[in-house]
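Shown here: model16.pdb, PDB, C-alpha atoms and all ligand atoms.
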ATOM      1  CA  MET B 239      58.340 113.405  73.800  1.00  0.00           C
ATOM      2  CA  GLN B 240      56.761 115.407  76.606  1.00  0.00           C
ATOM      3  CA  ASP B 241      59.691 115.871  78.944  1.00  0.00           C
ATOM      4  CA  CYS B 242      58.827 119.406  79.991  1.00  0.00           C
ATOM      5  CA  PRO B 243      56.000 119.572  82.535  1.00  0.00           C
ATOM      6  CA  GLY B 244      53.609 122.516  82.345  1.00  0.00           C
ATOM      7  CA  PRO B 245      53.845 125.342  84.864  1.00  0.00           C
ATOM      8  CA  ASP B 246      51.075 123.879  87.051  1.00  0.00           C
ATOM      9  CA  MET B 247      52.740 120.508  87.204  1.00  0.00           C
ATOM     10  CA  ALA B 248      56.051 122.087  88.113  1.00  0.00           C
ATOM     11  CA  ARG B 249      54.417 123.970  90.954  1.00  0.00           C
ATOM     12  CA  GLY B 250      52.746 120.809  92.253  1.00  0.00           C
ATOM     13  CA  GLN B 251      56.028 118.968  92.039  1.00  0.00           C
ATOM     14  CA  GLN B 252      57.781 121.724  93.939  1.00  0.00           C
ATOM     15  CA  LYS B 253      55.206 121.580  96.739  1.00  0.00           C
ATOM     16  CA  ILE B 254      55.652 117.834  97.089  1.00  0.00           C
ATOM     17  CA  GLN B 255      59.397 118.201  97.055  1.00  0.00           C
ATOM     18  CA  SER B 256      59.360 120.861  99.771  1.00  0.00           C
ATOM     19  CA  GLN B 257      57.062 118.706 101.900  1.00  0.00           C
ATOM     20  CA  GLN B 258      59.417 115.801 101.500  1.00  0.00           C
ATOM     21  CA  LYS B 259      62.308 118.079 102.327  1.00  0.00           C
ATOM     22  CA  ASN B 260      60.625 119.226 105.548  1.00  0.00           C
ATOM     23  CA  ALA B 261      59.856 115.686 106.602  1.00  0.00           C
ATOM     24  CA  LYS B 262      63.431 114.716 105.921  1.00  0.00           C
ATOM     25  CA  LYS B 263      64.680 117.736 107.833  1.00  0.00           C
ATOM     26  CA  GLN B 264      62.569 116.908 110.894  1.00  0.00           C
ATOM     27  CA  ALA B 265      63.622 113.276 110.815  1.00  0.00           C
ATOM     28  CA  GLY B 266      67.222 114.392 110.500  1.00  0.00           C
ATOM     29  CA  GLN B 267      66.922 116.696 113.498  1.00  0.00           C
ATOM     30  CA  LYS B 268      65.428 113.918 115.583  1.00  0.00           C
ATOM     31  CA  LYS B 269      68.195 111.590 114.565  1.00  0.00           C
ATOM     32  CA  LYS B 270      70.844 114.213 115.246  1.00  0.00           C
ATOM     33  CA  GLN B 271      69.489 114.963 118.721  1.00  0.00           C
ATOM     34  CA  GLY B 272      69.616 111.309 119.699  1.00  0.00           C
ATOM     35  CA  HIS B 273      73.087 111.048 118.288  1.00  0.00           C
ATOM     36  CA  ASP B 274      74.254 114.140 120.172  1.00  0.00           C
ATOM     37  CA  GLN B 275      72.960 112.816 123.468  1.00  0.00           C
ATOM     38  CA  LYS B 276      74.771 109.575 122.889  1.00  0.00           C
ATOM     39  CA  ALA B 277      77.917 111.408 121.892  1.00  0.00           C
ATOM     40  CA  ALA B 278      77.656 113.680 124.915  1.00  0.00           C
ATOM     41  CA  ALA B 279      77.275 110.735 127.242  1.00  0.00           C
ATOM     42  CA  LYS B 280      80.273 109.135 125.662  1.00  0.00           C
ATOM     43  CA  ALA B 281      82.252 112.376 125.709  1.00  0.00           C
ATOM     44  CA  ALA B 282      81.541 112.757 129.424  1.00  0.00           C
ATOM     45  CA  LEU B 283      84.092 110.061 130.183  1.00  0.00           C
ATOM     46  CA  ILE B 284      86.823 110.445 127.649  1.00  0.00           C
ATOM     47  CA  TYR B 285      89.901 110.393 129.858  1.00  0.00           C
ATOM     48  CA  THR B 286      90.888 106.880 130.758  1.00  0.00           C
ATOM     49  CA  CYS B 287      93.712 106.390 133.202  1.00  0.00           C
ATOM     50  CA  THR B 288      96.466 104.537 131.437  1.00  0.00           C
ATOM     51  CA  ILE B 289      97.391 102.715 134.659  1.00  0.00           C
ATOM     52  CA  CYS B 290      94.122 101.569 136.243  1.00  0.00           C
ATOM     53  CA  LYS B 291      91.674 102.283 133.369  1.00  0.00           C
ATOM     54  CA  THR B 292      89.474 104.525 135.522  1.00  0.00           C
ATOM     55  CA  GLN B 293      87.485 106.884 133.306  1.00  0.00           C
ATOM     56  CA  MET B 294      87.283 110.581 134.089  1.00  0.00           C
ATOM     57  CA  PRO B 295      85.310 113.446 132.576  1.00  0.00           C
ATOM     58  CA  ASP B 296      88.051 116.064 132.339  1.00  0.00           C
ATOM     59  CA  PRO B 297      91.833 116.418 132.322  1.00  0.00           C
ATOM     60  CA  LYS B 298      91.931 118.157 135.725  1.00  0.00           C
ATOM     61  CA  THR B 299      90.289 115.184 137.402  1.00  0.00           C
ATOM     62  CA  PHE B 300      92.560 112.889 135.467  1.00  0.00           C
ATOM     63  CA  LYS B 301      95.656 114.745 136.603  1.00  0.00           C
ATOM     64  CA  GLN B 302      94.516 114.840 140.237  1.00  0.00           C
ATOM     65  CA  HIS B 303      93.736 111.150 140.030  1.00  0.00           C
ATOM     66  CA  PHE B 304      97.085 110.406 138.483  1.00  0.00           C
ATOM     67  CA  GLU B 305      99.025 112.417 141.041  1.00  0.00           C
ATOM     68  CA  SER B 306      97.226 110.875 144.018  1.00  0.00           C
ATOM     69  CA  LYS B 307      96.927 107.280 142.787  1.00  0.00           C
ATOM     70  CA  HIS B 308     100.059 106.867 140.740  1.00  0.00           C
ATOM     71  CA  PRO B 309     102.562 109.359 142.183  1.00  0.00           C
ATOM     72  CA  LYS B 310     105.514 107.223 141.121  1.00  0.00           C
ATOM     73  CA  THR B 311     104.388 107.086 137.516  1.00  0.00           C
ATOM     74  CA  PRO B 312     105.412 110.007 135.311  1.00  0.00           C
ATOM     75  CA  LEU B 313     102.478 112.071 134.082  1.00  0.00           C
ATOM     76  CA  PRO B 314     101.317 111.349 130.569  1.00  0.00           C
ATOM     77  CA  PRO B 315     102.559 114.176 128.330  1.00  0.00           C
ATOM     78  CA  GLU B 316      99.004 115.417 127.673  1.00  0.00           C
ATOM     79  CA  LEU B 317      98.564 116.050 131.420  1.00  0.00           C
ATOM     80  CA  VAL B 318     101.792 117.902 132.088  1.00  0.00           C
ATOM     81  CA  ASP B 319     100.369 121.243 130.923  1.00  0.00           C
ATOM     82  CA  ILE B 320      97.031 120.862 132.714  1.00  0.00           C
ATOM     83  CA  GLN B 321      96.508 123.317 135.577  1.00  0.00           C
ATOM     84  CA  ALA B 322      94.869 121.169 138.247  1.00  0.00           C
TER      85      ALA B 322
HETATM   86 ZN    ZN P 401      94.583 105.440 137.671  1.00  0.00          ZN
END

Using the file provided, produce a representation of the structure as C-alpha cells.
Amino acid sequence: MQDCPGPDMARGQQKIQSQQKNAKKQAGQKKKQGHDQKAAAKAALIYTCTICKTQMPDPKTFKQHFESKHPKTPLPPELVDIQA
C-alpha cells in the first residue's frame, strides 16, 4: 500500500489544485457577473401595478402611478407608507 505521496508529489498536487481553484474562481466570477446583470435588469422593474399590470422601477413611481391612474382604488398596503 502506497497511499501516502512523497513531499514532492504533494507539492505538485497542491500546485495543480490551486490552478484548478483559480480557473474555477474566474469562471465563477464570470458566471456571477452575468447573473447579476440579469438580476439587475429584472430588479429594475419589480413593482407591477395590481390594476393595469404596468411595471415600475420603484415604489415612488408606483405610488404616483396608482394615485393618478387609479385614484378610486385604495392604495396597496405596501404603498401607504411610501413618501412620494
Ligand atoms: Zn396601474

Please identify the residues whose atoms come within 8 Å of ligand ZN 401 (chain P), using only C-alpha atoms and all ligand atoms, and report them as a PDB file with C-alpha atoms, in the frame of the given file.
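The result, written out as selection-v6.pdb:
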ATOM      1  CA  THR B 286      90.888 106.880 130.758  1.00  0.00           C
ATOM      2  CA  CYS B 287      93.712 106.390 133.202  1.00  0.00           C
ATOM      3  CA  THR B 288      96.466 104.537 131.437  1.00  0.00           C
ATOM      4  CA  ILE B 289      97.391 102.715 134.659  1.00  0.00           C
ATOM      5  CA  CYS B 290      94.122 101.569 136.243  1.00  0.00           C
ATOM      6  CA  LYS B 291      91.674 102.283 133.369  1.00  0.00           C
ATOM      7  CA  THR B 292      89.474 104.525 135.522  1.00  0.00           C
ATOM      8  CA  HIS B 303      93.736 111.150 140.030  1.00  0.00           C
ATOM      9  CA  PHE B 304      97.085 110.406 138.483  1.00  0.00           C
ATOM     10  CA  LYS B 307      96.927 107.280 142.787  1.00  0.00           C
ATOM     11  CA  HIS B 308     100.059 106.867 140.740  1.00  0.00           C
TER      12      HIS B 308
END

Please indicate the distance in Å from atom CA of B:Asp296 to atom CA of B:Ile284, rounded to one decimal place.
7.4 Å

Quick check on the file I pasted: which residues fall under the PyMOL selection byres (((chain B and resi 314) around 12) and not hetatm)? Write them as an NGL selection string.
:B and (285-289 or 297 or 300-301 or 304-305 or 308-309 or 311-313 or 315-320)

Could you tell me how far atom CA of B:Met294 sits from atom CA of B:Ser306, in Å to one decimal place?
14.1 Å

Tell me, in Å to one decimal, how far atom CA of B:Leu283 is from atom CA of B:Lys310.
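According to the coordinates, atom CA of B:Leu283 and atom CA of B:Lys310 are separated by 24.2 Å.
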
Since the input has fewer atoms than a full residue there, write stretch 311-322 of chain B out with N, CA and C atoms, as a PDB file, keeping the file's coordinate frame.
ATOM      1  N   THR B 311     104.428 107.194 138.973  1.00  0.00           N
ATOM      2  CA  THR B 311     104.388 107.086 137.516  1.00  0.00           C
ATOM      3  C   THR B 311     104.459 108.481 136.905  1.00  0.00           C
ATOM      4  N   PRO B 312     105.350 108.684 135.956  1.00  0.00           N
ATOM      5  CA  PRO B 312     105.412 110.007 135.311  1.00  0.00           C
ATOM      6  C   PRO B 312     104.089 110.353 134.641  1.00  0.00           C
ATOM      7  N   LEU B 313     103.723 111.628 134.702  1.00  0.00           N
ATOM      8  CA  LEU B 313     102.478 112.071 134.082  1.00  0.00           C
ATOM      9  C   LEU B 313     102.513 111.818 132.578  1.00  0.00           C
ATOM     10  N   PRO B 314     101.393 111.403 132.031  1.00  0.00           N
ATOM     11  CA  PRO B 314     101.317 111.349 130.569  1.00  0.00           C
ATOM     12  C   PRO B 314     101.555 112.745 130.002  1.00  0.00           C
ATOM     13  N   PRO B 315     102.206 112.849 128.863  1.00  0.00           N
ATOM     14  CA  PRO B 315     102.559 114.176 128.330  1.00  0.00           C
ATOM     15  C   PRO B 315     101.352 115.106 128.181  1.00  0.00           C
ATOM     16  N   GLU B 316     100.171 114.537 127.884  1.00  0.00           N
ATOM     17  CA  GLU B 316      99.004 115.417 127.673  1.00  0.00           C
ATOM     18  C   GLU B 316      98.518 116.017 128.978  1.00  0.00           C
ATOM     19  N   LEU B 317      99.014 115.507 130.128  1.00  0.00           N
ATOM     20  CA  LEU B 317      98.564 116.050 131.420  1.00  0.00           C
ATOM     21  C   LEU B 317      99.553 117.043 132.008  1.00  0.00           C
ATOM     22  N   VAL B 318     100.745 117.086 131.474  1.00  0.00           N
ATOM     23  CA  VAL B 318     101.792 117.902 132.088  1.00  0.00           C
ATOM     24  C   VAL B 318     101.382 119.372 132.106  1.00  0.00           C
ATOM     25  N   ASP B 319     100.716 119.830 131.026  1.00  0.00           N
ATOM     26  CA  ASP B 319     100.369 121.243 130.923  1.00  0.00           C
ATOM     27  C   ASP B 319      99.051 121.592 131.590  1.00  0.00           C
ATOM     28  N   ILE B 320      98.336 120.601 132.111  1.00  0.00           N
ATOM     29  CA  ILE B 320      97.031 120.862 132.714  1.00  0.00           C
ATOM     30  C   ILE B 320      97.208 121.530 134.076  1.00  0.00           C
ATOM     31  N   GLN B 321      96.479 122.634 134.286  1.00  0.00           N
ATOM     32  CA  GLN B 321      96.508 123.317 135.577  1.00  0.00           C
ATOM     33  C   GLN B 321      95.447 122.692 136.466  1.00  0.00           C
ATOM     34  N   ALA B 322      95.847 121.842 137.387  1.00  0.00           N
ATOM     35  CA  ALA B 322      94.869 121.169 138.247  1.00  0.00           C
ATOM     36  C   ALA B 322      94.534 122.050 139.444  1.00  0.00           C
TER      37      ALA B 322
END
